[in-house]
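File shown: my_file_7.cif (mmCIF, C-alpha atoms).
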```cif
data_upload
#
loop_
_atom_site.label_atom_id
_atom_site.label_comp_id
_atom_site.auth_asym_id
_atom_site.auth_seq_id
_atom_site.Cartn_x
_atom_site.Cartn_y
_atom_site.Cartn_z
CA MET A 170 -0.87 9.34 29.41
CA SER A 171 -0.27 12.76 30.87
CA PHE A 172 0.84 16.11 29.53
CA ASP A 173 1.93 19.46 30.83
CA CYS A 174 3.18 22.73 29.42
CA SER A 175 6.22 24.92 29.94
CA GLU A 176 7.84 27.88 28.23
CA HIS A 177 10.93 28.02 26.04
CA LEU A 178 11.79 31.46 24.65
CA SER A 179 8.62 32.58 22.86
CA TYR A 180 7.41 29.00 22.41
CA LYS A 181 4.92 27.01 24.40
CA VAL A 182 6.26 23.49 25.03
CA LEU A 183 3.77 20.64 25.24
CA HIS A 184 5.40 17.70 27.06
CA LEU A 185 3.72 14.36 26.29
CA THR A 186 4.26 11.40 28.60
CA GLY A 187 3.23 7.74 28.26
CA GLU A 188 0.97 6.38 25.52
CA ILE A 189 -1.41 8.25 23.20
CA ASP A 190 -4.19 6.34 21.49
CA LEU A 191 -7.91 6.62 20.72
CA SER A 192 -8.74 6.67 24.45
CA ASN A 193 -6.95 9.95 25.14
CA SER A 194 -5.91 11.72 21.90
CA SER A 195 -8.91 14.09 22.17
CA LYS A 196 -7.43 15.54 25.40
CA VAL A 197 -4.14 16.24 23.64
CA ARG A 198 -6.08 17.80 20.75
CA ARG A 199 -7.92 20.20 23.05
CA CYS A 200 -4.67 21.29 24.71
CA LEU A 201 -2.84 21.74 21.40
CA LEU A 202 -5.68 23.74 19.85
CA ASP A 203 -5.86 25.97 22.97
CA ILE A 204 -2.16 26.83 22.58
CA LEU A 205 -2.54 27.62 18.88
CA ASN A 206 -5.73 29.62 19.46
CA ASN A 207 -3.68 31.78 21.83
CA GLU A 208 -1.40 32.53 18.87
CA ARG A 209 1.61 30.69 20.28
CA SER A 210 4.06 28.59 18.33
CA VAL A 211 4.45 25.19 19.92
CA ILE A 212 7.15 22.60 20.49
CA VAL A 213 5.76 19.12 21.14
CA ASP A 214 8.22 17.30 23.38
CA PHE A 215 8.29 13.53 22.63
CA SER A 216 11.16 12.71 25.02
CA GLU A 217 8.91 10.86 27.51
CA LEU A 218 6.40 9.60 24.94
CA LYS A 219 6.37 5.80 24.67
CA TYR A 220 3.65 5.27 22.08
CA ILE A 221 1.48 7.25 19.66
CA ASP A 222 -1.06 5.91 17.17
CA SER A 223 -2.64 7.46 14.08
CA SER A 224 -5.28 9.30 16.13
CA GLY A 225 -2.46 11.06 17.97
CA MET A 226 -0.58 11.77 14.76
CA ALA A 227 -3.77 13.10 13.13
CA THR A 228 -4.07 15.53 16.04
CA LEU A 229 -0.56 16.80 15.38
CA VAL A 230 -1.26 17.08 11.64
CA GLU A 231 -4.38 19.10 12.41
CA GLY A 232 -2.30 21.30 14.69
CA LEU A 233 0.35 21.77 12.00
CA ASN A 234 -2.26 22.79 9.43
CA ILE A 235 -3.70 25.37 11.85
CA ALA A 236 -0.23 26.64 12.78
CA ASN A 237 0.68 27.08 9.11
CA LYS A 238 -2.53 29.04 8.43
CA LYS A 239 -1.83 31.33 11.37
CA GLY A 240 1.83 31.88 10.51
CA LEU A 241 2.91 29.96 13.63
CA SER A 242 5.11 26.87 13.93
CA LEU A 243 4.70 23.36 15.35
CA THR A 244 7.95 21.50 15.97
CA ILE A 245 8.49 18.00 17.33
CA ALA A 246 11.40 17.53 19.74
CA ALA A 247 13.24 14.43 20.97
CA ALA A 248 11.26 11.78 19.07
CA ASN A 249 12.67 8.33 19.81
CA GLY A 250 11.71 4.64 19.87
CA ALA A 251 8.20 3.66 18.75
CA PRO A 252 6.93 7.26 18.20
CA LEU A 253 9.89 7.98 15.90
CA GLN A 254 9.06 4.79 13.98
CA VAL A 255 5.46 6.01 13.54
CA LEU A 256 6.73 9.31 12.14
CA GLU A 257 8.91 7.39 9.68
CA LEU A 258 6.26 4.82 8.69
CA THR A 259 3.72 7.59 7.95
CA ARG A 260 6.44 9.70 6.29
CA LEU A 261 5.36 12.54 8.53
CA ASN A 262 9.04 12.95 9.42
CA GLN A 263 9.24 14.70 6.03
CA VAL A 264 6.39 17.03 6.96
CA PHE A 265 7.15 18.11 10.52
CA LYS A 266 10.20 20.03 11.63
CA ILE A 267 11.91 17.60 14.03
CA VAL A 268 14.74 18.53 16.39
CA ASP A 269 16.80 16.46 18.81
CA SER A 270 15.86 18.48 21.90
CA VAL A 271 13.78 21.46 22.99
CA SER A 272 16.95 23.44 23.80
CA GLU A 273 18.02 23.14 20.16
CA ILE A 274 15.29 25.61 19.20
CA ARG A 275 16.47 29.21 18.96
CA GLU A 276 14.45 32.31 18.21
CA MET B 84 4.77 -27.35 10.45
CA LYS B 85 1.35 -27.71 12.01
CA THR B 86 -0.44 -24.48 12.80
CA GLN B 87 0.21 -23.41 16.36
CA ASN B 88 -2.25 -21.19 18.20
CA LEU B 89 -0.56 -18.38 20.08
CA LEU B 90 -3.55 -16.48 21.45
CA SER B 91 -7.32 -16.41 21.42
CA LYS B 92 -8.76 -13.62 23.51
CA LYS B 93 -11.73 -11.24 23.59
CA TRP B 94 -11.94 -7.60 24.59
CA THR B 95 -14.79 -5.09 24.58
CA SER B 96 -14.86 -2.35 21.96
CA CYS B 97 -13.84 0.26 24.52
CA PRO B 98 -10.81 2.45 23.68
CA ASP B 99 -9.50 1.84 27.22
CA GLU B 100 -8.87 -1.80 26.18
CA LEU B 101 -6.32 -0.81 23.53
CA SER B 102 -3.47 -0.65 26.03
CA ASP B 103 -4.07 -4.25 27.14
CA ILE B 104 -4.39 -5.41 23.52
CA ARG B 105 -1.00 -3.82 22.79
CA GLN B 106 0.59 -5.55 25.79
CA ASN B 107 -0.72 -8.93 24.60
CA MET B 108 0.52 -8.36 21.04
CA LYS B 109 3.93 -7.25 22.30
CA ALA B 110 4.28 -10.46 24.33
CA ILE B 111 3.46 -12.61 21.29
CA CYS B 112 5.88 -10.74 19.04
CA ARG B 113 8.66 -11.28 21.56
CA GLN B 114 7.70 -14.95 21.91
CA VAL B 115 8.20 -15.53 18.18
CA GLU B 116 11.36 -13.42 18.24
CA PHE B 117 10.47 -10.45 16.11
CA SER B 118 12.99 -7.64 16.55
CA GLU B 119 12.12 -4.70 18.79
CA GLU B 120 11.51 -2.55 15.70
CA GLU B 121 9.25 -5.13 14.06
CA THR B 122 7.44 -5.64 17.35
CA ASN B 123 6.71 -1.91 17.66
CA ALA B 124 5.41 -1.84 14.09
CA ILE B 125 3.20 -4.95 14.45
CA VAL B 126 1.74 -3.70 17.75
CA LEU B 127 0.93 -0.42 16.00
CA ALA B 128 -0.75 -2.19 13.05
CA ILE B 129 -2.97 -4.29 15.35
CA ASP B 130 -3.82 -1.21 17.43
CA GLU B 131 -4.83 0.64 14.26
CA ALA B 132 -7.03 -2.26 13.15
CA CYS B 133 -8.73 -2.38 16.57
CA THR B 134 -9.21 1.40 16.51
CA ASN B 135 -10.93 1.07 13.12
CA ILE B 136 -13.18 -1.69 14.48
CA ILE B 137 -14.16 0.50 17.44
CA ARG B 138 -14.74 3.63 15.33
CA TYR B 139 -16.18 2.31 12.10
CA ALA B 140 -17.62 -1.17 12.74
CA TYR B 141 -19.06 -0.51 16.21
CA LYS B 142 -19.39 3.27 15.63
CA ASP B 143 -17.89 4.02 19.07
CA CYS B 144 -20.38 1.76 20.86
CA ARG B 145 -18.37 0.35 23.77
CA ASP B 146 -20.09 -2.97 24.41
CA GLY B 147 -19.14 -4.78 21.20
CA ILE B 148 -16.67 -7.66 21.17
CA VAL B 149 -13.23 -7.62 19.57
CA HIS B 150 -11.90 -11.17 19.35
CA ILE B 151 -8.28 -11.68 18.32
CA ASP B 152 -6.82 -15.04 17.28
CA VAL B 153 -3.09 -15.28 16.64
CA SER B 154 -1.45 -18.35 15.16
CA THR B 155 1.68 -19.35 13.26
CA ASP B 156 2.38 -21.90 10.55
CA GLY B 157 6.14 -21.61 11.04
CA HIS B 158 6.51 -19.13 8.17
CA GLN B 159 4.08 -16.39 9.10
CA VAL B 160 2.21 -15.08 12.09
CA ILE B 161 -1.50 -14.80 11.28
CA PHE B 162 -3.58 -12.25 13.17
CA ARG B 163 -7.35 -12.63 12.81
CA LEU B 164 -9.54 -9.89 14.25
CA TYR B 165 -13.23 -10.68 14.58
CA ASP B 166 -16.00 -8.19 15.23
CA PHE B 167 -19.74 -8.80 15.35
CA ALA B 168 -20.96 -5.56 13.84
CA LYS B 169 -22.56 -5.02 10.42
CA HIS B 170 -20.46 -5.98 7.41
CA VAL B 171 -18.09 -3.22 6.40
CA SER B 172 -17.00 -2.51 2.85
CA GLU B 173 -13.69 -3.77 1.45
CA ASP B 174 -13.10 -0.10 0.55
CA CYS B 175 -12.21 0.48 4.23
CA LEU B 176 -8.84 -1.08 3.46
CA LYS B 177 -8.03 1.24 0.56
CA ILE B 178 -5.50 3.97 1.19
CA LYS B 179 -7.53 7.18 0.82
CA THR B 180 -4.93 9.85 0.21
CA SER B 181 -1.35 10.14 -0.82
CA SER B 182 -0.87 13.34 1.19
CA PRO B 183 -0.05 12.86 4.87
CA LEU B 184 -1.41 16.36 5.57
CA LYS B 185 -4.95 15.38 4.57
CA PRO B 186 -7.07 13.84 7.31
CA GLY B 187 -8.11 10.17 7.27
CA GLY B 188 -6.52 6.94 6.16
CA LEU B 189 -3.35 7.03 8.26
CA GLY B 190 -4.33 3.86 10.15
CA VAL B 191 -4.91 1.81 6.99
CA MET B 192 -1.67 3.13 5.52
CA LEU B 193 0.20 1.96 8.63
CA MET B 194 -1.44 -1.50 8.56
CA ARG B 195 -0.49 -1.98 4.91
CA GLU B 196 3.01 -0.62 5.43
CA VAL B 197 3.77 -2.97 8.33
CA MET B 198 2.02 -6.23 7.42
CA ASP B 199 2.77 -8.56 4.50
CA SER B 200 -0.94 -8.95 3.78
CA VAL B 201 -4.16 -7.33 5.00
CA GLU B 202 -7.57 -8.56 3.88
CA PHE B 203 -11.13 -9.21 4.95
CA ILE B 204 -12.28 -12.82 4.98
CA HIS B 205 -15.90 -12.85 3.95
CA THR B 206 -18.18 -15.51 5.27
CA LYS B 207 -21.94 -15.65 5.11
CA LYS B 208 -22.02 -18.07 8.01
CA CYS B 209 -21.46 -15.54 10.74
CA LYS B 210 -22.37 -11.96 11.52
CA GLY B 211 -19.58 -9.43 11.55
CA ASN B 212 -16.20 -9.08 9.92
CA ILE B 213 -12.94 -11.00 9.99
CA LEU B 214 -9.81 -9.00 9.25
CA GLU B 215 -6.78 -11.17 8.58
CA MET B 216 -3.28 -9.73 8.68
CA LYS B 217 -0.15 -11.79 8.07
CA LYS B 218 3.46 -11.03 8.91
CA ASN B 219 6.36 -13.15 7.73
CA LEU B 220 8.48 -14.51 10.54
CA PRO B 221 12.05 -13.30 10.74
CA LYS B 222 14.40 -15.60 8.82
CA GLU B 223 16.74 -17.58 11.05
CA THR B 224 20.35 -16.52 10.78
CA GLU B 225 22.88 -19.28 10.29
#
```

Any chance you could put this one into structure tokens?
Amino acid sequence: MSFDCSEHLSYKVLHLTGEIDLSNSSKVRRCLLDILNNERSVIVDFSELKYIDSSGMATLVEGLNIANKKGLSLTIAAANGAPLQVLELTRLNQVFKIVDSVSEIRE
Amino acid sequence: MKTQNLLSKKWTSCPDELSDIRQNMKAICRQVEFSEEETNAIVLAIDEACTNIIRYAYKDCRDGIVHIDVSTDGHQVIFRLYDFAKHVSEDCLKIKTSSPLKPGGLGVMLMREVMDSVEFIHTKKCKGNILEMKKNLPKETE
């Protein structure tokens, strides 16, 4: 698993690559919380994400709760394959704002 | 049909092993011809069960053993996950919350959503826990 960040308009974009599970979800959590602590809304880019388990999803839920409290947003972009299935199985697809691509997000 | 063993393998209770466990489960699911979608879901359910063993049975201690047996009777695939930690309560398999925004319980919810049955098999003969999960095989199309 690897991740990096870029900018899109006023948003920070967190690009996730590979597989997220118990062995590495804490690294994603630290990065996500850093972004939110800097008062930035975030787009989490799933386009290169192959797998995510409940520890990864719990990290995103925690991030969403923090974003909501701060008046920020957390959006998931380009979910596909197994990660999209996880969103559907947990019904978190009804909780997160999900868009087809990062470029779809406008100010 | 006689029960056919598909896999019997041990891993340590280290989170780094989860990737290899997933690869093994994916290979079995393809062998018995689950669809790609069912395969993804079953791999996820087994991963969640192993994560719970690591976190709650072994309490993040990395030198425990996770033993997985997979077999089929021709109607179902039976996944048995053995650990050798202290007995855990049956309550671990209860879904804790109905709100996805509250922490905890997502893994158990996923296991129950994906599998046709999920239960502990209690035995006084051996130390540890046996979690049995069953998934019906895809029906053959005519």

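Closest approach to chain A from the set B:Leu214, B:Ala132, B:Val149, B:Met108 is made by B:Ala132, with distances taken over only C-alpha atoms.
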
* Within 6 Å of chain A: residues of chain B, using only C-alpha atoms, as a ChimeraX atom specification -> /B:98-99,123,189-190

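Between Val268 in chain A and the residues A:Leu241, A:Leu256, A:Ile212, A:Ala236, the shortest atom-to-atom distance, using all atoms listed in the file, involves A:Ile212.
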
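Picked out by the PyMOL selection byres ((chain B and resi 178) around 9) when it runs on this file: Asp174, Cys175, Leu176, Lys177, Lys179, Thr180, Ser181, Gly188, Leu189, Val191, Met192 and Arg195 of chain B.
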
Spatial neighbours of His177 in chain A, 10 Å, only C-alpha atoms, chain gap at least 3 places, as a ChimeraX atom specification: /A:174,180-182,211-212,271-272,274-276

- request: Would you kindly identify which residues have an atom no farther than 6 Å from (11.0, 13.5, 14.8), using only C-alpha atoms and the file's own coordinates, and write them out as a count of residues only?
  value: 5

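Using all atoms listed in the file, the set of residues no farther than 9 Å from the position (-1.7, -9.6, 10.1) comprises B:Ile125, B:Ala128, B:Ile129, B:Val153, B:Gln159, B:Val160, B:Ile161, B:Phe162, B:Arg163, B:Leu164, B:Met194, B:Val197, B:Met198, B:Asp199, B:Ser200, B:Val201, B:Glu202, B:Leu214, B:Glu215, B:Met216, B:Lys217, B:Lys218.
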
Only C-alpha atoms, please: the residues just picked out, written as a short mmCIF file (atom, residue, chain, number, x, y, z; two decimals), in the coordinates of the input.
```
data_model
loop_
_atom_site.label_atom_id
_atom_site.label_comp_id
_atom_site.auth_asym_id
_atom_site.auth_seq_id
_atom_site.Cartn_x
_atom_site.Cartn_y
_atom_site.Cartn_z
CA ILE B 125 3.20 -4.95 14.45
CA ALA B 128 -0.75 -2.19 13.05
CA ILE B 129 -2.97 -4.29 15.35
CA VAL B 153 -3.09 -15.28 16.64
CA GLN B 159 4.08 -16.39 9.10
CA VAL B 160 2.21 -15.08 12.09
CA ILE B 161 -1.50 -14.80 11.28
CA PHE B 162 -3.58 -12.25 13.17
CA ARG B 163 -7.35 -12.63 12.81
CA LEU B 164 -9.54 -9.89 14.25
CA MET B 194 -1.44 -1.50 8.56
CA VAL B 197 3.77 -2.97 8.33
CA MET B 198 2.02 -6.23 7.42
CA ASP B 199 2.77 -8.56 4.50
CA SER B 200 -0.94 -8.95 3.78
CA VAL B 201 -4.16 -7.33 5.00
CA GLU B 202 -7.57 -8.56 3.88
CA LEU B 214 -9.81 -9.00 9.25
CA GLU B 215 -6.78 -11.17 8.58
CA MET B 216 -3.28 -9.73 8.68
CA LYS B 217 -0.15 -11.79 8.07
CA LYS B 218 3.46 -11.03 8.91
#
```

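Computed from the coordinates, the CA of Ser242 in chain A to CA of Met170 in chain A distance equals 24.1 Å.
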
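CA of Asp166 in chain B to CA of Asp146 in chain B spans 11.3 Å [interatomic distance, one decimal].
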
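Here CA of Ile213 in chain B is placed at a distance of 28.2 Å from CA of Ser195 in chain A.
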
Margin query: Show me, as a count of residues only, the residues that have an atom within 8 Å of Ser179 in chain A when counting all atoms listed in the file, minus same-chain residues fewer than 3 positions from it.
Written below: 4

Report as a CSV table (one decimal) with C-alpha atoms, keeping the file's coordinate frame the full result of the PyMOL selection byres ((chain B and resi 205) around 12) when it is applied to this structure.
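The resulting file, result-v8.csv, is shown below:
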```csv
chain,number,residue,atom,x,y,z
B,165,TYR,CA,-13.2,-10.7,14.6
B,170,HIS,CA,-20.5,-6.0,7.4
B,171,VAL,CA,-18.1,-3.2,6.4
B,172,SER,CA,-17.0,-2.5,2.8
B,173,GLU,CA,-13.7,-3.8,1.4
B,202,GLU,CA,-7.6,-8.6,3.9
B,203,PHE,CA,-11.1,-9.2,5.0
B,204,ILE,CA,-12.3,-12.8,5.0
B,206,THR,CA,-18.2,-15.5,5.3
B,207,LYS,CA,-21.9,-15.6,5.1
B,208,LYS,CA,-22.0,-18.1,8.0
B,209,CYS,CA,-21.5,-15.5,10.7
B,210,LYS,CA,-22.4,-12.0,11.5
B,211,GLY,CA,-19.6,-9.4,11.6
B,212,ASN,CA,-16.2,-9.1,9.9
B,213,ILE,CA,-12.9,-11.0,10.0
B,214,LEU,CA,-9.8,-9.0,9.2
B,215,GLU,CA,-6.8,-11.2,8.6
```
